[in-house]
Structure formats: C-alpha cells, structure tokens
file start.pdb (PDB, C-alpha atoms)
ATOM      1  CA  MET A  86       3.167  16.960  31.322  1.00  0.00           C
ATOM      2  CA  THR A  87      -0.106  15.941  32.939  1.00  0.00           C
ATOM      3  CA  THR A  88      -1.964  17.209  29.854  1.00  0.00           C
ATOM      4  CA  LEU A  89      -0.439  14.438  27.754  1.00  0.00           C
ATOM      5  CA  ASN A  90      -1.808  11.787  30.101  1.00  0.00           C
ATOM      6  CA  ASP A  91      -5.247  13.330  30.735  1.00  0.00           C
ATOM      7  CA  GLN A  92      -8.117  11.415  29.129  1.00  0.00           C
ATOM      8  CA  ARG A  93     -10.238  14.554  28.838  1.00  0.00           C
ATOM      9  CA  LYS A  94      -7.612  16.824  27.279  1.00  0.00           C
ATOM     10  CA  ALA A  95      -5.966  14.231  25.038  1.00  0.00           C
ATOM     11  CA  PRO A  96      -8.576  14.381  22.226  1.00  0.00           C
ATOM     12  CA  ALA A  97      -8.127  18.153  21.942  1.00  0.00           C
ATOM     13  CA  LEU A  98      -4.343  17.758  21.819  1.00  0.00           C
ATOM     14  CA  TYR A  99      -4.738  15.025  19.200  1.00  0.00           C
ATOM     15  CA  ALA A 100      -7.047  17.238  17.125  1.00  0.00           C
ATOM     16  CA  LEU A 101      -4.518  20.077  17.325  1.00  0.00           C
ATOM     17  CA  LEU A 102      -1.662  17.816  16.238  1.00  0.00           C
ATOM     18  CA  MET A 103      -3.672  16.332  13.367  1.00  0.00           C
ATOM     19  CA  GLY A 104      -4.790  19.821  12.313  1.00  0.00           C
ATOM     20  CA  VAL A 105      -1.170  20.947  12.099  1.00  0.00           C
ATOM     21  CA  PHE A 106      -0.233  17.725  10.307  1.00  0.00           C
ATOM     22  CA  VAL A 107      -3.001  17.889   7.683  1.00  0.00           C
ATOM     23  CA  GLY A 108      -2.753  21.669   7.357  1.00  0.00           C
ATOM     24  CA  GLY A 109       0.972  21.399   6.800  1.00  0.00           C
ATOM     25  CA  PHE A 110       0.398  19.169   3.798  1.00  0.00           C
ATOM     26  CA  ALA A 111      -2.627  21.140   2.563  1.00  0.00           C
ATOM     27  CA  PHE A 112      -1.132  24.629   2.614  1.00  0.00           C
ATOM     28  CA  VAL A 113       2.383  23.866   1.359  1.00  0.00           C
ATOM     29  CA  ASP A 114       2.626  24.567  -2.346  1.00  0.00           C
ATOM     30  CA  ALA A 115       5.699  22.427  -2.954  1.00  0.00           C
ATOM     31  CA  THR A 116       6.224  18.739  -2.345  1.00  0.00           C
ATOM     32  CA  PRO A 117       7.977  18.313   1.025  1.00  0.00           C
ATOM     33  CA  PRO A 118      11.333  16.537   1.119  1.00  0.00           C
ATOM     34  CA  ALA A 119      11.046  12.772   1.514  1.00  0.00           C
ATOM     35  CA  PHE A 120      12.768  12.763   4.914  1.00  0.00           C
ATOM     36  CA  LEU A 121      10.385  15.414   6.268  1.00  0.00           C
ATOM     37  CA  ALA A 122       7.322  13.550   4.969  1.00  0.00           C
ATOM     38  CA  PHE A 123       8.597  10.272   6.442  1.00  0.00           C
ATOM     39  CA  THR A 124       9.277  11.906   9.804  1.00  0.00           C
ATOM     40  CA  ALA A 125       5.821  13.505   9.815  1.00  0.00           C
ATOM     41  CA  LEU A 126       4.222  10.121   9.146  1.00  0.00           C
ATOM     42  CA  LEU A 127       6.202   8.545  11.986  1.00  0.00           C
ATOM     43  CA  VAL A 128       5.107  11.302  14.372  1.00  0.00           C
ATOM     44  CA  ALA A 129       1.492  10.844  13.244  1.00  0.00           C
ATOM     45  CA  GLY A 130       1.766   7.085  13.823  1.00  0.00           C
ATOM     46  CA  ALA A 131       3.151   7.645  17.313  1.00  0.00           C
ATOM     47  CA  ALA A 132       0.282  10.072  17.974  1.00  0.00           C
ATOM     48  CA  GLN A 133      -2.238   7.399  16.898  1.00  0.00           C
ATOM     49  CA  ILE A 134      -0.822   4.848  19.329  1.00  0.00           C
ATOM     50  CA  GLY A 135      -0.480   7.483  22.052  1.00  0.00           C
ATOM     51  CA  ILE A 136      -4.070   8.700  21.804  1.00  0.00           C
ATOM     52  CA  GLY A 137      -5.349   5.140  21.999  1.00  0.00           C
ATOM     53  CA  PHE A 138      -3.178   4.433  25.028  1.00  0.00           C
ATOM     54  CA  VAL A 139      -4.102   7.627  26.875  1.00  0.00           C
ATOM     55  CA  ILE A 140      -7.847   7.314  26.312  1.00  0.00           C
ATOM     56  CA  GLY A 141      -7.848   3.550  26.803  1.00  0.00           C
ATOM     57  CA  ARG A 142     -11.411   2.982  25.569  1.00  0.00           C
ATOM     58  CA  TRP A 143     -12.607   1.651  22.243  1.00  0.00           C
ATOM     59  CA  GLY A 144     -14.541   4.852  21.636  1.00  0.00           C
ATOM     60  CA  ALA A 145     -11.183   6.436  20.801  1.00  0.00           C
ATOM     61  CA  LEU A 146     -11.439   4.796  17.365  1.00  0.00           C
ATOM     62  CA  ALA A 147     -13.943   7.518  16.441  1.00  0.00           C
ATOM     63  CA  LEU A 148     -11.065  10.009  16.519  1.00  0.00           C
ATOM     64  CA  GLY A 149      -9.903   8.451  13.256  1.00  0.00           C
ATOM     65  CA  ALA A 150     -12.420  10.711  11.502  1.00  0.00           C
ATOM     66  CA  VAL A 151     -10.776  13.913  12.785  1.00  0.00           C
ATOM     67  CA  PRO A 152      -7.910  14.079  10.237  1.00  0.00           C
ATOM     68  CA  ILE A 153     -10.325  13.288   7.384  1.00  0.00           C
ATOM     69  CA  LEU A 154     -12.626  16.140   8.391  1.00  0.00           C
ATOM     70  CA  PHE A 155      -9.633  18.478   8.662  1.00  0.00           C
ATOM     71  CA  ALA A 156      -8.445  17.432   5.194  1.00  0.00           C
ATOM     72  CA  VAL A 157     -11.856  18.134   3.640  1.00  0.00           C
ATOM     73  CA  ALA A 158     -12.036  21.497   5.422  1.00  0.00           C
ATOM     74  CA  ALA A 159      -8.488  22.518   4.521  1.00  0.00           C
ATOM     75  CA  ALA A 160      -8.207  21.380   0.907  1.00  0.00           C
ATOM     76  CA  GLY A 161     -11.837  21.076  -0.145  1.00  0.00           C
ATOM     77  CA  PRO A 162     -13.849  18.093  -1.340  1.00  0.00           C
ATOM     78  CA  GLY A 163     -12.366  18.344  -4.853  1.00  0.00           C
ATOM     79  CA  SER A 164      -8.850  17.734  -3.590  1.00  0.00           C
ATOM     80  CA  THR A 165      -7.107  14.387  -3.446  1.00  0.00           C
ATOM     81  CA  LEU A 166      -5.734  15.208   0.007  1.00  0.00           C
ATOM     82  CA  TRP A 167      -8.797  13.982   1.852  1.00  0.00           C
ATOM     83  CA  THR A 168      -8.840  10.679  -0.058  1.00  0.00           C
ATOM     84  CA  THR A 169      -5.184  10.163   0.795  1.00  0.00           C
ATOM     85  CA  VAL A 170      -5.859  10.931   4.461  1.00  0.00           C
ATOM     86  CA  PHE A 171      -8.886   8.607   4.350  1.00  0.00           C
ATOM     87  CA  VAL A 172      -6.740   5.733   3.087  1.00  0.00           C
ATOM     88  CA  LEU A 173      -4.031   6.490   5.669  1.00  0.00           C
ATOM     89  CA  MET A 174      -6.630   6.490   8.453  1.00  0.00           C
ATOM     90  CA  ALA A 175      -8.237   3.253   7.243  1.00  0.00           C
ATOM     91  CA  PHE A 176      -4.821   1.644   7.460  1.00  0.00           C
ATOM     92  CA  PRO A 177      -2.619   2.211   9.459  1.00  0.00           C
ATOM     93  CA  GLY A 178      -4.168   5.145  11.396  1.00  0.00           C
ATOM     94  CA  THR A 179      -7.264   3.689  13.027  1.00  0.00           C
ATOM     95  CA  PRO A 180      -5.683   0.254  13.656  1.00  0.00           C
ATOM     96  CA  LEU A 181      -2.824   2.058  15.442  1.00  0.00           C
ATOM     97  CA  ILE A 182      -5.364   3.812  17.665  1.00  0.00           C
ATOM     98  CA  GLY A 183      -6.832   0.370  18.382  1.00  0.00           C
ATOM     99  CA  ALA A 184      -3.361  -0.965  19.163  1.00  0.00           C
ATOM    100  CA  GLY A 185      -2.910   1.842  21.691  1.00  0.00           C
ATOM    101  CA  VAL A 186      -6.241   1.008  23.337  1.00  0.00           C
ATOM    102  CA  HIS A 187      -5.268  -2.665  23.486  1.00  0.00           C
ATOM    103  CA  LEU A 188      -1.881  -1.809  25.001  1.00  0.00           C
ATOM    104  CA  ARG A 189      -3.585   0.338  27.650  1.00  0.00           C
ATOM    105  CA  GLN A 190      -6.006  -2.442  28.567  1.00  0.00           C
ATOM    106  CA  ARG A 191      -3.165  -4.948  28.816  1.00  0.00           C
ATOM    107  CA  PHE A 192      -1.151  -2.467  30.886  1.00  0.00           C
ATOM    108  CA  ASP A 193      -4.069  -1.880  33.255  1.00  0.00           C
ATOM    109  CA  GLU A 194      -4.687  -5.613  33.513  1.00  0.00           C
ATOM    110  CA  ARG A 195      -1.037  -6.316  34.338  1.00  0.00           C
ATOM    111  CA  HIS A 196      -0.868  -3.572  36.957  1.00  0.00           C
ATOM    112  CA  ASP A 197      -4.146  -4.378  38.710  1.00  0.00           C
ATOM    113  CA  ASP A 198      -3.626  -4.165  42.475  1.00  0.00           C
ATOM    114  CA  SER A 199      -6.949  -5.706  43.427  1.00  0.00           C
ATOM    115  CA  PRO A 200      -6.881  -8.862  45.565  1.00  0.00           C
ATOM    116  CA  ASP A 201      -8.598 -10.921  42.868  1.00  0.00           C
ATOM    117  CA  ALA A 202      -6.189  -9.944  40.090  1.00  0.00           C
ATOM    118  CA  TRP A 203      -5.074 -13.548  39.760  1.00  0.00           C
ATOM    119  CA  LEU A 204      -8.535 -14.372  38.356  1.00  0.00           C
ATOM    120  CA  TYR A 205      -7.771 -12.198  35.335  1.00  0.00           C
ATOM    121  CA  GLY A 206      -4.472 -13.708  34.307  1.00  0.00           C
ATOM    122  CA  GLU A 207      -2.005 -12.570  36.979  1.00  0.00           C
ATOM    123  CA  GLU A 208       0.176 -15.192  38.541  1.00  0.00           C
ATOM    124  CA  PRO A 209      -0.490 -15.621  42.289  1.00  0.00           C
ATOM    125  CA  GLY A 210       3.218 -15.275  43.018  1.00  0.00           C
ATOM    126  CA  ASN A 211       3.315 -11.757  41.556  1.00  0.00           C
ATOM    127  CA  LEU A 212       0.793 -10.356  44.015  1.00  0.00           C
TER     128      LEU A 212
END
call {"tool": "encode", "arguments": {"input": "start.pdb", "output": "structure tokens"}}
result
Amino acid sequence: MTTLNDQRKAPALYALLMGVFVGGFAFVDATPPAFLAFTALLVAGAAQIGIGFVIGRWGALALGAVPILFAVAAAGPGSTLWTTVFVLMAFPGTPLIGAGVHLRQRFDERHDDSPDAWLYGEEPGNL
C-alpha cells in the first residue's frame, strides 16, 4: 500500500495504468459496452486526481502527455485514438491532475504542524 502513496513510484504506476487503459481501447476490435467504457473513464478520472494528489507538485501536469504517447504508440499516428485521448487529456484529464495537486497543497496547508501555521490561514485556536 505504500507504493500508492510514494511520490517516486506513483508516476510509474500511473504510466502502467494508463498503458492498460489506452491499450485496452487500442487492441480491442469491437466497441466495448457502454457501462464498461463509462467505468473505465471513471477509473481514469480517479487516477488523474490521485496522481496529482500523491505527487503534490505542479510538475505532475506533464504526466498528461503519457496517455497521448501511449495512444500514438499503440494505434499509430493515422488512428483517431490518439486524437480522442488528446482531447480527453486536454479536458478533463490534465485539469483533474491539477485538481489533485491543489487538493494536496490544501491538505498539507491544513495539516501543517509548524508553530507559525496560523500565518498561512490556520486559526490560532486549532493549534
């Protein structure tokens, strides 16, 4: 379980998950059932927020390019898969990564145990 919360291992886990996600759509010959596609998109959205939260730095937004690169590699540049993945990463993918980073920064700010935490928005009574 510590792998899911490790800033150094999280990008590799994210890349693996996005590789399975994009590869699943690239190598399936038939159109997946609507419920399965919807569930896969929800899992991908949760992964976007999770990777942003675990890494907690704005550099995590660069990971938005990973699924696009996987889509080009899996289906080829002549496929429409990579353009679909590009649009899905432009919105909502990369903004969800940013939302995760923002949530992590707010979480860290709210749980700051330093003596001067009240200078950064904490109420003095909560210390």
call {"tool": "residues_near_point", "arguments": {"input": "start.pdb", "point": "(-3.4, 0.5, 23.6)", "cutoff": "10 Å", "atoms": "all atoms listed in the file", "output": "NGL selection string"}}
result
:A and (133-143 or 181-193)
call {"tool": "atom_distance", "arguments": {"input": "start.pdb", "atom1": "atom CA of Pro117 of chain A", "atom2": "atom CA of Ala156 of chain A"}}
result
17.0 Å
call {"tool": "atom_distance", "arguments": {"input": "start.pdb", "atom1": "atom CA of Ile153 of chain A", "atom2": "atom CA of Ala115 of chain A"}}
result
21.1 Å
call {"tool": "residues_near_point", "arguments": {"input": "start.pdb", "point": "(-8.2, 11.5, 22.1)", "cutoff": "8 Å", "atoms": "only C-alpha atoms", "output": "PyMOL selection string"}}
result
chain A and resi 92-100+136-137+139-140+145+148
call {"tool": "write_last_selection", "arguments": {"input": "start.pdb", "atoms": "C-alpha atoms", "output": "PDB file, keeping the file's coordinate frame"}}
result
ATOM      1  CA  GLN A  92      -8.117  11.415  29.129  1.00  0.00           C
ATOM      2  CA  ARG A  93     -10.238  14.554  28.838  1.00  0.00           C
ATOM      3  CA  LYS A  94      -7.612  16.824  27.279  1.00  0.00           C
ATOM      4  CA  ALA A  95      -5.966  14.231  25.038  1.00  0.00           C
ATOM      5  CA  PRO A  96      -8.576  14.381  22.226  1.00  0.00           C
ATOM      6  CA  ALA A  97      -8.127  18.153  21.942  1.00  0.00           C
ATOM      7  CA  LEU A  98      -4.343  17.758  21.819  1.00  0.00           C
ATOM      8  CA  TYR A  99      -4.738  15.025  19.200  1.00  0.00           C
ATOM      9  CA  ALA A 100      -7.047  17.238  17.125  1.00  0.00           C
ATOM     10  CA  ILE A 136      -4.070   8.700  21.804  1.00  0.00           C
ATOM     11  CA  GLY A 137      -5.349   5.140  21.999  1.00  0.00           C
ATOM     12  CA  VAL A 139      -4.102   7.627  26.875  1.00  0.00           C
ATOM     13  CA  ILE A 140      -7.847   7.314  26.312  1.00  0.00           C
ATOM     14  CA  ALA A 145     -11.183   6.436  20.801  1.00  0.00           C
ATOM     15  CA  LEU A 148     -11.065  10.009  16.519  1.00  0.00           C
TER      16      LEU A 148
END
call {"tool": "closest_residue", "arguments": {"input": "start.pdb", "among": "A:Pro177, A:Phe106, A:Pro162, A:Gly149", "to": "Leu121 of chain A", "atoms": "only C-alpha atoms"}}
result
A:Phe106
call {"tool": "atom_distance", "arguments": {"input": "start.pdb", "atom1": "atom CA of Leu154 of chain A", "atom2": "atom CA of Trp167 of chain A"}}
result
7.9 Å
call {"tool": "resolve_selection", "arguments": {"input": "start.pdb", "expression": "the PyMOL selection byres ((chain A and resi 171) around 9)", "output": "ChimeraX atom specification"}}
result
/A:149-150,152-153,156,166-170,172-176
call {"tool": "resolve_selection", "arguments": {"input": "start.pdb", "expression": "the PyMOL selection byres ((chain A and resi 107) around 8)", "output": "list in words"}}
result
Met103, Gly104, Val105, Phe106, Gly108, Gly109, Phe110, Ala111, Pro152, Phe155, Ala156 and Ala159 of chain A
call {"tool": "decode", "arguments": {"input": "start.pdb", "residues": "segment 135-161 of chain A", "atoms": "N, CA and C atoms", "output": "PDB file, in the first residue's frame"}}
result
ATOM      1  N   GLY A 135      -5.807  11.196  -8.317  1.00  0.00           N
ATOM      2  CA  GLY A 135      -4.898  10.505  -7.395  1.00  0.00           C
ATOM      3  C   GLY A 135      -3.442  10.797  -7.681  1.00  0.00           C
ATOM      4  N   ILE A 136      -3.041  10.816  -8.952  1.00  0.00           N
ATOM      5  CA  ILE A 136      -1.640  11.076  -9.265  1.00  0.00           C
ATOM      6  C   ILE A 136      -1.271  12.507  -8.903  1.00  0.00           C
ATOM      7  N   GLY A 137      -2.179  13.430  -9.124  1.00  0.00           N
ATOM      8  CA  GLY A 137      -1.918  14.814  -8.719  1.00  0.00           C
ATOM      9  C   GLY A 137      -1.788  14.949  -7.218  1.00  0.00           C
ATOM     10  N   PHE A 138      -2.639  14.239  -6.480  1.00  0.00           N
ATOM     11  CA  PHE A 138      -2.595  14.313  -5.021  1.00  0.00           C
ATOM     12  C   PHE A 138      -1.329  13.673  -4.473  1.00  0.00           C
ATOM     13  N   VAL A 139      -0.953  12.519  -5.004  1.00  0.00           N
ATOM     14  CA  VAL A 139       0.221  11.814  -4.484  1.00  0.00           C
ATOM     15  C   VAL A 139       1.496  12.589  -4.772  1.00  0.00           C
ATOM     16  N   ILE A 140       1.648  13.088  -5.990  1.00  0.00           N
ATOM     17  CA  ILE A 140       2.866  13.828  -6.327  1.00  0.00           C
ATOM     18  C   ILE A 140       2.856  15.197  -5.652  1.00  0.00           C
ATOM     19  N   GLY A 141       1.763  15.910  -5.724  1.00  0.00           N
ATOM     20  CA  GLY A 141       1.611  17.150  -4.985  1.00  0.00           C
ATOM     21  C   GLY A 141       2.416  18.329  -5.508  1.00  0.00           C
ATOM     22  N   ARG A 142       2.961  18.230  -6.686  1.00  0.00           N
ATOM     23  CA  ARG A 142       3.708  19.339  -7.298  1.00  0.00           C
ATOM     24  C   ARG A 142       3.143  19.601  -8.686  1.00  0.00           C
ATOM     25  N   TRP A 143       3.254  20.841  -9.129  1.00  0.00           N
ATOM     26  CA  TRP A 143       2.671  21.218 -10.405  1.00  0.00           C
ATOM     27  C   TRP A 143       3.363  20.555 -11.582  1.00  0.00           C
ATOM     28  N   GLY A 144       4.536  20.027 -11.389  1.00  0.00           N
ATOM     29  CA  GLY A 144       5.212  19.285 -12.446  1.00  0.00           C
ATOM     30  C   GLY A 144       4.470  18.018 -12.840  1.00  0.00           C
ATOM     31  N   ALA A 145       3.550  17.573 -11.995  1.00  0.00           N
ATOM     32  CA  ALA A 145       2.756  16.382 -12.304  1.00  0.00           C
ATOM     33  C   ALA A 145       1.870  16.595 -13.530  1.00  0.00           C
ATOM     34  N   LEU A 146       1.612  17.842 -13.890  1.00  0.00           N
ATOM     35  CA  LEU A 146       0.791  18.112 -15.081  1.00  0.00           C
ATOM     36  C   LEU A 146       1.443  17.572 -16.345  1.00  0.00           C
ATOM     37  N   ALA A 147       2.762  17.421 -16.334  1.00  0.00           N
ATOM     38  CA  ALA A 147       3.462  16.879 -17.505  1.00  0.00           C
ATOM     39  C   ALA A 147       3.075  15.426 -17.761  1.00  0.00           C
ATOM     40  N   LEU A 148       2.576  14.736 -16.755  1.00  0.00           N
ATOM     41  CA  LEU A 148       2.154  13.348 -16.946  1.00  0.00           C
ATOM     42  C   LEU A 148       0.920  13.238 -17.839  1.00  0.00           C
ATOM     43  N   GLY A 149       0.284  14.358 -18.134  1.00  0.00           N
ATOM     44  CA  GLY A 149      -0.845  14.349 -19.052  1.00  0.00           C
ATOM     45  C   GLY A 149      -0.459  13.922 -20.459  1.00  0.00           C
ATOM     46  N   ALA A 150       0.828  13.983 -20.788  1.00  0.00           N
ATOM     47  CA  ALA A 150       1.287  13.571 -22.114  1.00  0.00           C
ATOM     48  C   ALA A 150       1.454  12.057 -22.224  1.00  0.00           C
ATOM     49  N   VAL A 151       1.533  11.366 -21.100  1.00  0.00           N
ATOM     50  CA  VAL A 151       1.787   9.916 -21.114  1.00  0.00           C
ATOM     51  C   VAL A 151       0.708   9.145 -21.876  1.00  0.00           C
ATOM     52  N   PRO A 152      -0.585   9.334 -21.596  1.00  0.00           N
ATOM     53  CA  PRO A 152      -1.590   8.575 -22.349  1.00  0.00           C
ATOM     54  C   PRO A 152      -1.591   8.896 -23.843  1.00  0.00           C
ATOM     55  N   ILE A 153      -1.261  10.139 -24.207  1.00  0.00           N
ATOM     56  CA  ILE A 153      -1.224  10.510 -25.623  1.00  0.00           C
ATOM     57  C   ILE A 153      -0.098   9.763 -26.325  1.00  0.00           C
ATOM     58  N   LEU A 154       1.068   9.713 -25.692  1.00  0.00           N
ATOM     59  CA  LEU A 154       2.194   8.982 -26.275  1.00  0.00           C
ATOM     60  C   LEU A 154       1.879   7.498 -26.403  1.00  0.00           C
ATOM     61  N   PHE A 155       1.216   6.927 -25.393  1.00  0.00           N
ATOM     62  CA  PHE A 155       0.819   5.526 -25.464  1.00  0.00           C
ATOM     63  C   PHE A 155      -0.173   5.297 -26.600  1.00  0.00           C
ATOM     64  N   ALA A 156      -1.092   6.229 -26.803  1.00  0.00           N
ATOM     65  CA  ALA A 156      -2.091   6.069 -27.866  1.00  0.00           C
ATOM     66  C   ALA A 156      -1.434   6.121 -29.246  1.00  0.00           C
ATOM     67  N   VAL A 157      -0.462   7.007 -29.428  1.00  0.00           N
ATOM     68  CA  VAL A 157       0.240   7.074 -30.713  1.00  0.00           C
ATOM     69  C   VAL A 157       1.042   5.799 -30.931  1.00  0.00           C
ATOM     70  N   ALA A 158       1.690   5.307 -29.870  1.00  0.00           N
ATOM     71  CA  ALA A 158       2.495   4.088 -29.993  1.00  0.00           C
ATOM     72  C   ALA A 158       1.627   2.857 -30.238  1.00  0.00           C
ATOM     73  N   ALA A 159       0.476   2.796 -29.598  1.00  0.00           N
ATOM     74  CA  ALA A 159      -0.365   1.601 -29.703  1.00  0.00           C
ATOM     75  C   ALA A 159      -1.160   1.553 -31.004  1.00  0.00           C
ATOM     76  N   ALA A 160      -1.742   2.664 -31.406  1.00  0.00           N
ATOM     77  CA  ALA A 160      -2.644   2.648 -32.558  1.00  0.00           C
ATOM     78  C   ALA A 160      -2.037   3.285 -33.802  1.00  0.00           C
ATOM     79  N   GLY A 161      -0.941   3.994 -33.651  1.00  0.00           N
ATOM     80  CA  GLY A 161      -0.308   4.624 -34.796  1.00  0.00           C
ATOM     81  C   GLY A 161      -0.804   6.039 -35.016  1.00  0.00           C
TER      82      GLY A 161
END
